[in-house]
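Student: Next comes the structure file upload.csv, holding CSV, C-alpha atoms.
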```csv
chain,number,residue,atom,x,y,z
A,15,HIS,CA,-20.9,-117.8,-130.3
A,16,GLY,CA,-18.3,-120.3,-129.3
A,17,LEU,CA,-15.2,-118.2,-130.0
A,18,ASP,CA,-16.4,-115.2,-128.0
A,19,LYS,CA,-17.2,-117.5,-125.1
A,20,VAL,CA,-13.8,-119.0,-124.7
A,21,MET,CA,-11.3,-116.3,-125.7
A,22,ALA,CA,-10.4,-112.7,-125.3
A,23,ALA,CA,-11.5,-110.3,-128.0
A,24,ASP,CA,-7.9,-109.3,-128.8
A,25,VAL,CA,-7.3,-112.9,-129.8
A,26,ARG,CA,-10.4,-113.5,-131.7
A,27,LEU,CA,-9.8,-110.4,-133.8
A,28,TYR,CA,-6.9,-112.2,-135.6
A,29,LEU,CA,-8.3,-115.7,-136.1
A,30,ALA,CA,-9.1,-115.2,-139.8
A,31,GLU,CA,-7.1,-118.2,-140.7
A,32,LEU,CA,-9.4,-120.5,-138.7
A,33,VAL,CA,-12.3,-119.6,-141.1
A,34,MET,CA,-10.4,-118.9,-144.3
A,35,LEU,CA,-8.5,-122.2,-144.7
A,36,PRO,CA,-11.7,-124.3,-145.1
A,37,ALA,CA,-13.3,-121.6,-147.3
A,38,MET,CA,-10.2,-121.6,-149.6
A,39,ARG,CA,-10.2,-125.4,-149.9
A,40,LYS,CA,-13.9,-125.3,-151.0
A,41,HIS,CA,-13.6,-122.2,-153.2
A,42,PRO,CA,-14.8,-122.6,-156.8
A,43,LEU,CA,-11.7,-121.1,-158.2
A,44,ARG,CA,-9.4,-123.6,-156.6
A,45,THR,CA,-7.6,-126.1,-158.9
A,46,LEU,CA,-5.7,-129.2,-157.9
A,47,ASN,CA,-3.5,-128.9,-161.0
A,48,PRO,CA,-0.6,-126.5,-160.3
A,49,ASP,CA,0.0,-126.0,-164.0
A,50,GLU,CA,-3.4,-124.4,-164.3
A,51,ALA,CA,-2.9,-122.0,-161.3
A,52,SER,CA,-2.1,-118.3,-161.6
A,53,LEU,CA,-1.9,-117.9,-157.8
A,54,PHE,CA,-0.5,-120.3,-155.2
A,55,PHE,CA,-1.5,-120.3,-151.6
A,56,ILE,CA,1.1,-121.3,-149.0
A,57,GLY,CA,-0.8,-123.3,-146.5
A,58,TYR,CA,1.2,-122.5,-143.4
A,59,THR,CA,-0.4,-120.2,-140.9
A,60,PRO,CA,1.7,-119.3,-137.9
A,61,LEU,CA,-1.1,-118.2,-135.6
A,62,LEU,CA,-2.8,-121.5,-135.8
A,63,ALA,CA,0.5,-123.4,-135.7
A,64,SER,CA,1.3,-121.7,-132.4
A,65,ARG,CA,-2.1,-122.5,-130.9
A,66,SER,CA,-3.6,-125.6,-132.5
A,67,TYR,CA,-3.5,-129.3,-131.8
A,68,PRO,CA,-1.4,-131.3,-132.7
A,69,CYS,CA,1.2,-128.5,-133.0
A,70,LYS,CA,3.1,-127.8,-129.8
A,71,GLY,CA,3.1,-124.0,-129.8
A,72,LEU,CA,5.9,-121.6,-130.2
A,73,ASP,CA,8.6,-124.2,-129.4
A,74,GLU,CA,8.0,-125.9,-132.7
A,75,MET,CA,7.6,-122.8,-134.9
A,76,LYS,CA,11.2,-123.0,-136.2
A,77,ILE,CA,10.8,-126.7,-137.0
A,78,TRP,CA,7.6,-126.0,-139.0
A,79,GLU,CA,9.0,-123.0,-140.7
A,80,LYS,CA,12.1,-125.0,-141.8
A,81,LYS,CA,9.8,-127.6,-143.4
A,82,VAL,CA,7.8,-125.0,-145.2
A,83,ALA,CA,11.0,-123.3,-146.5
A,84,GLU,CA,12.4,-126.7,-147.7
A,85,ALA,CA,9.1,-127.4,-149.6
A,86,LEU,CA,9.2,-123.9,-151.3
A,87,GLU,CA,12.8,-124.3,-152.3
A,88,LYS,CA,12.1,-127.6,-154.0
A,89,SER,CA,9.0,-126.2,-155.8
A,90,SER,CA,9.4,-125.6,-159.5
A,91,HIS,CA,6.3,-123.3,-159.4
A,92,PHE,CA,7.8,-121.2,-156.6
A,93,LYS,CA,11.1,-120.9,-158.5
A,94,ARG,CA,9.4,-120.0,-161.8
A,95,ARG,CA,8.6,-116.4,-160.7
A,96,GLY,CA,10.6,-116.1,-157.5
A,97,GLY,CA,7.4,-116.7,-155.5
A,98,GLN,CA,5.7,-113.5,-156.7
A,99,ASP,CA,2.6,-115.5,-157.6
A,100,HIS,CA,2.4,-117.0,-154.1
A,101,ILE,CA,0.5,-115.7,-151.1
A,102,HIS,CA,0.6,-116.6,-147.4
A,103,LEU,CA,-1.5,-115.6,-144.4
A,104,PHE,CA,0.1,-113.9,-141.4
A,105,MET,CA,-2.5,-112.5,-139.2
A,106,LYS,CA,-1.2,-112.0,-135.7
A,107,TYR,CA,1.1,-109.2,-134.7
A,108,GLY,CA,3.9,-110.0,-132.2
A,109,GLN,CA,5.0,-113.2,-134.1
A,110,ASN,CA,8.1,-113.2,-136.2
A,111,VAL,CA,9.1,-115.3,-139.1
A,112,ASN,CA,12.4,-117.1,-138.7
A,113,SER,CA,15.2,-118.0,-141.1
A,114,PRO,CA,15.2,-119.6,-143.7
A,115,LEU,CA,11.5,-119.0,-144.3
A,116,LYS,CA,11.9,-115.3,-143.7
A,117,GLU,CA,14.3,-114.9,-146.6
A,118,LEU,CA,11.9,-116.7,-148.9
A,119,TYR,CA,9.0,-114.6,-147.8
A,120,GLU,CA,11.0,-111.4,-148.3
A,121,ALA,CA,12.0,-112.4,-151.8
A,122,GLY,CA,8.6,-112.4,-153.5
A,123,PRO,CA,5.3,-113.7,-152.1
A,124,MET,CA,2.4,-111.5,-151.2
A,125,VAL,CA,1.1,-111.5,-147.6
A,126,ALA,CA,-2.5,-111.2,-146.5
A,127,THR,CA,-2.7,-109.9,-143.0
A,128,THR,CA,-4.9,-108.1,-140.4
A,129,ASP,CA,-1.7,-106.4,-139.2
A,130,ARG,CA,-1.5,-102.7,-140.2
A,131,SER,CA,1.1,-101.0,-142.3
A,132,PHE,CA,3.2,-99.6,-139.4
A,133,TRP,CA,2.9,-102.4,-136.9
A,134,SER,CA,5.3,-105.2,-136.1
A,135,LEU,CA,4.9,-107.4,-139.2
A,136,SER,CA,6.1,-104.5,-141.4
A,137,HIS,CA,9.3,-104.5,-139.3
A,138,ASN,CA,9.8,-108.3,-139.5
A,139,LEU,CA,8.9,-108.6,-143.2
A,140,PRO,CA,9.5,-105.0,-144.5
A,141,THR,CA,10.0,-105.9,-148.2
A,142,PRO,CA,6.4,-106.8,-149.0
A,143,PHE,CA,5.3,-103.6,-147.5
A,144,LYS,CA,7.8,-101.5,-149.4
A,145,LYS,CA,6.9,-103.2,-152.7
A,146,GLY,CA,3.1,-102.9,-152.1
A,147,GLN,CA,2.6,-106.7,-151.9
A,148,VAL,CA,0.3,-106.6,-148.8
A,149,ILE,CA,-3.4,-107.4,-148.8
A,150,MET,CA,-5.1,-106.0,-145.8
A,151,MET,CA,-7.8,-108.2,-144.3
A,152,PRO,CA,-10.7,-107.2,-142.1
A,153,TYR,CA,-10.6,-108.0,-138.4
A,154,VAL,CA,-12.7,-110.9,-137.3
A,155,SER,CA,-15.8,-109.3,-135.7
A,156,SER,CA,-17.6,-110.6,-132.7
A,157,THR,CA,-20.1,-113.4,-133.4
A,158,TYR,CA,-22.6,-111.2,-131.6
A,159,VAL,CA,-22.4,-108.5,-134.3
A,160,ASP,CA,-21.9,-110.9,-137.3
A,161,ILE,CA,-25.5,-111.7,-137.8
A,162,ASP,CA,-27.8,-110.8,-140.6
A,163,MET,CA,-29.4,-107.4,-140.1
A,164,ARG,CA,-30.4,-106.7,-143.7
A,165,LYS,CA,-34.0,-107.8,-143.3
A,166,ARG,CA,-34.4,-106.1,-140.0
A,167,GLY,CA,-35.3,-102.4,-139.5
A,168,LEU,CA,-32.4,-100.1,-138.9
A,169,GLY,CA,-32.0,-98.7,-135.4
A,170,GLY,CA,-32.7,-95.1,-134.7
A,171,ASP,CA,-33.2,-94.6,-130.9
A,172,LYS,CA,-32.9,-90.9,-130.4
A,173,ASP,CA,-31.8,-91.5,-126.8
A,174,THR,CA,-28.8,-93.4,-128.2
A,175,TRP,CA,-28.3,-91.7,-131.6
A,176,TYR,CA,-24.5,-91.7,-131.3
A,177,PHE,CA,-22.8,-94.7,-129.6
A,178,PHE,CA,-19.3,-95.6,-128.4
A,179,ARG,CA,-18.0,-98.2,-126.1
A,180,GLY,CA,-14.3,-98.9,-125.8
A,181,THR,CA,-11.1,-97.9,-124.1
A,182,LEU,CA,-10.7,-94.1,-123.8
A,183,LEU,CA,-7.1,-94.2,-122.6
A,184,ARG,CA,-5.0,-95.4,-125.6
A,185,ARG,CA,-1.5,-94.6,-126.7
A,186,PHE,CA,-2.9,-93.1,-129.9
A,187,GLY,CA,-6.0,-91.5,-131.1
A,188,SER,CA,-6.8,-88.9,-128.3
A,189,ARG,CA,-9.9,-90.8,-127.5
A,190,THR,CA,-10.6,-88.7,-124.4
A,191,GLU,CA,-11.9,-86.1,-126.8
A,192,LEU,CA,-15.0,-88.3,-127.2
A,193,VAL,CA,-16.1,-87.0,-123.8
A,194,ASP,CA,-16.1,-83.5,-125.1
A,195,LEU,CA,-17.8,-84.5,-128.4
A,196,GLY,CA,-20.5,-86.4,-126.5
A,197,LYS,CA,-21.5,-83.2,-124.6
A,198,GLN,CA,-22.1,-81.3,-127.9
A,199,VAL,CA,-24.2,-83.8,-129.9
A,200,SER,CA,-27.7,-85.0,-129.3
A,201,GLY,CA,-28.4,-88.4,-127.9
A,202,ALA,CA,-24.8,-89.4,-127.3
A,203,ASN,CA,-24.1,-92.6,-125.4
A,204,PHE,CA,-20.3,-92.7,-124.9
A,205,ALA,CA,-18.6,-94.6,-122.2
A,206,GLY,CA,-15.2,-96.0,-121.6
A,207,VAL,CA,-15.0,-99.8,-121.2
A,208,LYS,CA,-11.8,-101.8,-120.9
A,209,MET,CA,-11.9,-105.3,-122.2
A,210,PRO,CA,-10.3,-107.9,-120.0
A,211,GLY,CA,-6.8,-108.9,-120.9
A,212,LYS,CA,-7.6,-112.6,-120.6
A,213,GLY,CA,-10.7,-114.6,-121.0
A,214,ALA,CA,-14.1,-113.9,-122.6
A,215,ALA,CA,-16.2,-110.7,-122.1
A,216,ILE,CA,-19.6,-112.0,-123.1
A,217,ASP,CA,-21.7,-109.4,-121.3
A,218,ILE,CA,-19.7,-106.5,-122.8
A,219,LEU,CA,-19.9,-107.9,-126.3
A,220,LEU,CA,-23.6,-108.7,-126.1
A,221,ASN,CA,-24.6,-105.4,-124.6
A,222,THR,CA,-22.4,-103.4,-127.0
A,223,SER,CA,-23.7,-105.2,-130.1
A,224,ASN,CA,-27.3,-104.7,-129.1
A,225,ALA,CA,-26.7,-101.0,-128.4
A,226,MET,CA,-25.0,-100.5,-131.8
A,227,ARG,CA,-28.0,-102.0,-133.6
A,228,ARG,CA,-30.3,-99.5,-131.8
A,229,SER,CA,-28.0,-96.6,-132.7
A,230,SER,CA,-27.6,-94.5,-135.9
A,231,VAL,CA,-24.0,-93.2,-135.7
A,232,CYS,CA,-20.9,-94.8,-134.3
A,233,PRO,CA,-17.7,-92.8,-134.0
A,234,CYS,CA,-14.6,-95.0,-134.8
A,235,PRO,CA,-11.5,-93.2,-133.4
A,236,SER,CA,-8.0,-94.5,-134.1
A,237,GLY,CA,-6.6,-97.2,-131.8
A,238,ASP,CA,-3.1,-98.5,-132.3
A,239,ALA,CA,-3.8,-98.1,-136.0
A,240,PRO,CA,-6.2,-95.8,-137.9
A,241,THR,CA,-8.5,-98.7,-138.4
A,242,SER,CA,-9.9,-100.7,-135.5
A,243,GLY,CA,-12.3,-103.6,-135.0
A,244,ARG,CA,-15.0,-101.0,-134.3
A,245,LEU,CA,-15.2,-100.0,-138.0
A,246,PHE,CA,-16.2,-103.5,-139.0
A,247,GLU,CA,-18.6,-103.8,-136.0
A,248,ALA,CA,-20.3,-100.6,-137.1
A,249,LEU,CA,-20.7,-101.9,-140.7
A,250,ALA,CA,-22.1,-105.2,-139.4
A,251,THR,CA,-24.8,-103.6,-137.2
A,252,GLY,CA,-25.9,-100.8,-139.7
A,253,CYS,CA,-24.6,-98.1,-137.4
A,254,LEU,CA,-23.0,-95.4,-139.7
A,255,ALA,CA,-19.3,-95.4,-139.1
A,256,ILE,CA,-17.6,-92.0,-138.5
A,257,VAL,CA,-14.0,-92.9,-139.0
A,258,LEU,CA,-11.7,-90.4,-137.2
A,259,SER,CA,-9.0,-90.5,-139.8
A,260,PRO,CA,-8.9,-89.0,-143.3
A,261,LEU,CA,-9.6,-91.5,-146.0
A,262,ASP,CA,-6.5,-90.6,-148.1
A,263,ILE,CA,-4.2,-91.1,-145.1
A,264,MET,CA,-5.5,-94.5,-144.1
A,265,ALA,CA,-6.2,-95.9,-147.6
A,266,ASN,CA,-3.4,-98.5,-147.2
A,267,ASP,CA,-4.9,-99.8,-144.0
A,268,LEU,CA,-8.4,-100.6,-145.4
A,269,PRO,CA,-9.2,-104.0,-146.8
A,270,PHE,CA,-10.0,-104.6,-150.5
A,271,PRO,CA,-9.6,-101.0,-151.9
A,272,SER,CA,-9.9,-102.2,-155.5
A,273,LEU,CA,-13.4,-103.5,-154.8
A,274,LEU,CA,-14.8,-101.0,-152.3
A,275,LYS,CA,-15.5,-97.2,-152.4
A,276,TYR,CA,-15.5,-96.6,-148.7
A,277,ASP,CA,-17.1,-93.2,-148.7
A,278,ASP,CA,-20.2,-94.8,-150.1
A,279,PHE,CA,-20.9,-96.4,-146.7
A,280,ALA,CA,-18.8,-94.6,-144.1
A,281,LEU,CA,-17.8,-91.0,-143.3
A,282,PHE,CA,-14.3,-89.9,-142.6
A,283,SER,CA,-13.1,-87.0,-140.5
A,284,HIS,CA,-9.8,-85.6,-139.3
A,285,SER,CA,-8.4,-87.5,-136.3
A,286,PHE,CA,-8.9,-86.3,-132.7
A,287,ASP,CA,-5.1,-85.8,-132.6
A,288,PHE,CA,-5.5,-83.2,-135.4
A,289,LEU,CA,-8.7,-81.6,-134.1
A,290,SER,CA,-7.2,-81.1,-130.6
A,291,THR,CA,-4.6,-78.8,-132.2
A,292,ARG,CA,-7.2,-76.6,-133.9
A,293,THR,CA,-9.3,-73.9,-132.3
A,294,ASN,CA,-12.7,-75.4,-131.4
A,295,GLY,CA,-11.8,-78.4,-133.5
A,296,VAL,CA,-14.1,-80.8,-131.7
A,297,SER,CA,-16.9,-78.3,-131.5
A,298,ARG,CA,-16.7,-77.8,-135.2
A,299,LEU,CA,-16.9,-81.5,-135.8
A,300,ALA,CA,-19.9,-81.7,-133.5
A,301,LYS,CA,-21.8,-79.1,-135.5
A,302,VAL,CA,-21.0,-80.8,-138.8
A,303,LEU,CA,-22.3,-84.1,-137.4
A,304,GLU,CA,-25.5,-82.6,-136.0
A,305,ARG,CA,-26.2,-80.9,-139.3
A,306,THR,CA,-25.5,-84.0,-141.5
A,307,VAL,CA,-26.2,-87.2,-139.5
A,308,GLY,CA,-27.8,-86.0,-136.3
A,309,PRO,CA,-31.4,-86.7,-135.2
A,310,LYS,CA,-32.5,-83.2,-136.4
A,311,ALA,CA,-30.7,-83.3,-139.8
A,312,SER,CA,-32.7,-82.4,-142.9
A,313,LYS,CA,-34.7,-85.1,-144.7
A,314,GLU,CA,-32.2,-85.1,-147.5
A,315,TYR,CA,-29.4,-85.9,-145.1
A,316,GLN,CA,-31.4,-88.4,-143.2
A,317,ASP,CA,-32.2,-90.3,-146.5
A,318,LYS,CA,-28.5,-90.3,-147.4
A,319,THR,CA,-27.6,-91.6,-143.9
A,320,VAL,CA,-30.2,-94.5,-144.3
A,321,THR,CA,-28.8,-95.3,-147.8
A,322,MET,CA,-25.2,-95.5,-146.4
A,323,ARG,CA,-26.2,-97.7,-143.5
A,324,LYS,CA,-28.0,-100.2,-145.7
A,325,LYS,CA,-25.0,-100.2,-148.0
A,326,ALA,CA,-22.8,-100.9,-145.1
A,327,LEU,CA,-24.8,-104.0,-144.2
A,328,ASP,CA,-24.4,-105.3,-147.7
A,329,VAL,CA,-20.7,-104.6,-147.8
A,330,PHE,CA,-20.1,-106.3,-144.5
A,331,TYR,CA,-21.9,-109.4,-145.6
A,332,ASN,CA,-20.3,-109.6,-149.1
A,333,HIS,CA,-16.7,-108.9,-148.0
A,334,PHE,CA,-16.1,-108.9,-144.3
A,335,SER,CA,-18.3,-111.6,-142.7
A,336,TYR,CA,-16.0,-114.5,-141.7
A,337,PHE,CA,-18.8,-116.4,-140.1
A,338,ARG,CA,-21.8,-116.0,-142.5
A,339,ASN,CA,-19.9,-115.6,-145.8
A,340,PRO,CA,-16.3,-116.8,-145.5
A,341,GLY,CA,-16.3,-117.4,-149.2
A,342,GLY,CA,-17.0,-113.7,-149.8
A,343,VAL,CA,-14.0,-112.8,-147.7
A,344,VAL,CA,-11.8,-115.2,-149.7
A,345,THR,CA,-13.1,-114.0,-153.0
A,346,SER,CA,-12.3,-110.4,-152.1
A,347,MET,CA,-8.8,-111.4,-151.1
A,348,LEU,CA,-8.3,-113.3,-154.3
A,349,PHE,CA,-9.5,-110.3,-156.3
A,350,GLU,CA,-7.0,-108.0,-154.6
A,351,ALA,CA,-4.3,-110.6,-155.3
A,352,TRP,CA,-5.3,-110.8,-159.0
A,353,VAL,CA,-5.1,-106.9,-159.2
A,354,LEU,CA,-1.6,-106.9,-157.5
A,355,LEU,CA,-0.3,-109.6,-159.8
A,356,GLN,CA,-1.3,-107.5,-162.8
A,357,GLN,CA,0.1,-104.3,-161.3
A,358,LYS,CA,3.4,-106.0,-160.7
A,359,GLY,CA,3.6,-107.3,-164.3
A,360,VAL,CA,3.2,-111.0,-163.3
A,361,LEU,CA,-0.2,-111.4,-165.0
A,362,GLU,CA,-1.8,-109.7,-168.0
A,363,GLY,CA,-5.2,-108.1,-167.5
A,364,PRO,CA,-7.1,-104.8,-167.2
A,365,TYR,CA,-5.1,-103.7,-164.1
A,366,ALA,CA,-1.7,-104.3,-165.7
A,367,VAL,CA,0.7,-101.3,-165.4
A,368,GLU,CA,4.1,-102.8,-166.3
A,369,LYS,CA,5.8,-106.0,-166.9
A,370,PHE,CA,9.1,-107.2,-165.4
```
Could I get this structure in the form of structure tokens?
Tutor:
Amino acid sequence: HGLDKVMAADVRLYLAELVMLPAMRKHPLRTLNPDEASLFFIGYTPLLASRSYPCKGLDEMKIWEKKVAEALEKSSHFKRRGGQDHIHLFMKYGQNVNSPLKELYEAGPMVATTDRSFWSLSHNLPTPFKKGQVIMMPYVSSTYVDIDMRKRGLGGDKDTWYFFRGTLLRRFGSRTELVDLGKQVSGANFAGVKMPGKGAAIDILLNTSNAMRRSSVCPCPSGDAPTSGRLFEALATGCLAIVLSPLDIMANDLPFPSLLKYDDFALFSHSFDFLSTRTNGVSRLAKVLERTVGPKASKEYQDKTVTMRKKALDVFYNHFSYFRNPGGVVTSMLFEAWVLLQQKGVLEGPYAVEKF
């Protein structure tokens, strides 16, 4: 639990690089012979470079980026395909890429990021987003939820059947509608909690993770993006995620779409923004939830809910668990890169659409 004890949640969410770099070095598909490689990883990660010893923070970013750019410009393997078979990590929003590295990143490489499709990275590096060369990564979940639940019994406390903790007042998502929803479903335990801007919040994280494990259904409203860290926390704890955004709208914001069929282990609804514009929109959602996933739902629906919750635990471990299975996260990212390289005509294979 070291990370959660020393840093704020909104920092930990983006620290994927800290776990992925060692996992990539040890990955069984790695080769030390560049002539054998079909994908090249650019080992510069700006989030760690801005925070880690012996780097000296943002003041040295331009120096580091210039060195990386010089190395890429000299690389015959980068020149061979204009960098299209290269990938780099860029996890934290609010950090920009400077020239001359920016121009090289814009020219060809794929980017793996926790940043979402409309946020600041898409403005700083717009070309990979326009060309569909972005691999969305899961947020880094709290160490208090990233524990193995697959051999434990699923929670189902009828006093806390539906659970939500989080900031109700956000710029997006109309989360205050949760208050109305909570009054119309059975066993709702919804409350607004604001995470501190600086420092750890151990009590909040520990209490929330324990409550999610005891609960059956966890609404996941939009935050600054259609996806939030809550989706991955729900999957980790076996609490059925009700994502308040249509699946077809947010498909580009979900990790590893070539591997995962999300409606096998999560449910998707219209957003609160949309429901608030419809007559009795939230009330209609409440009735649907009670009928299908509520504590008094039919045995058929209850069995389906249990199946989805168990599936969610497996999906989280196999693809999203940075702390228990970092190799699985890396393998999932590499698979998406393999698919993209075929779709762009760089590699041949079953996903190939066209060749340049």
Student: Ranking A:Tyr365, A:Phe204, A:Tyr276, A:Tyr336 by minimum distance to Asp160 of chain A and counting all atoms listed in the file, which one comes first?
Tutor: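 Once distances to Asp160 of chain A are computed over all atoms listed in the file, the minimum belongs to A:Tyr336.
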Student: Which value, in Å to one decimal, gives the distance between atom CA of Asn112 of chain A and atom CA of Tyr58 of chain A?
Tutor: 13.3 Å
Student: Using only C-alpha atoms, what residues lie at most 12 Å away from (-12.5, -110.4, -157.9) (file coordinates), given as a list in words?
Tutor: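 Nearby residues: Leu43, Phe270, Pro271, Ser272, Leu273, Leu274, Asn332, His333, Gly341, Gly342, Val343, Val344, Thr345, Ser346, Met347, Leu348, Phe349, Glu350, Ala351, Trp352, Val353, Leu354 and Tyr365 of chain A.
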Student: Counting all atoms listed in the file, which residue out of A:Gly170, A:Gly96, A:Pro142, A:Pro233 sits closest to Val193 of chain A?
Tutor: A:Pro233
Student: Determine the nearest neighbour of Lys324 of chain A from the options A:Val207, A:Leu17, A:Ala23, A:Leu254, counting all atoms listed in the file.
Tutor: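 Once distances to Lys324 of chain A are computed over all atoms listed in the file, the minimum belongs to A:Leu254.
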Student: Check which residues of segment 78-189 of chain A sit at most 10 Å from segment 296-311 of chain A using only C-alpha atoms, and return one row each with the closest pair of atoms and their distance in Å to one decimal, ordered by chain and rising number, as CSV.
Tutor:
```
residue,atom,partner,partner_atom,distance
A:Gly170,CA,A:Pro309,CA,8.5
A:Asp171,CA,A:Pro309,CA,9.2
A:Lys172,CA,A:Pro309,CA,6.6
A:Asp173,CA,A:Pro309,CA,9.7
A:Trp175,CA,A:Pro309,CA,6.9
A:Tyr176,CA,A:Gly308,CA,8.3
```
Student: Which distance in Å separates atom CA of Gly201 of chain A and atom CA of Arg228 of chain A, to one decimal?
Tutor: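 Here the two named atoms are 11.9 Å from each other.
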Student: Could you please determine the separation between atom CA of Ser230 of chain A and atom CA of Cys253 of chain A in Å, to one decimal place?
Tutor: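 Between these atoms lies a distance of 4.9 Å.
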Student: Return the single residue from A:Lys40, A:Lys208, A:Arg166, A:Arg338 that is closest to Gly252 of chain A, with distances computed using all atoms listed in the file.
Tutor: A:Arg166
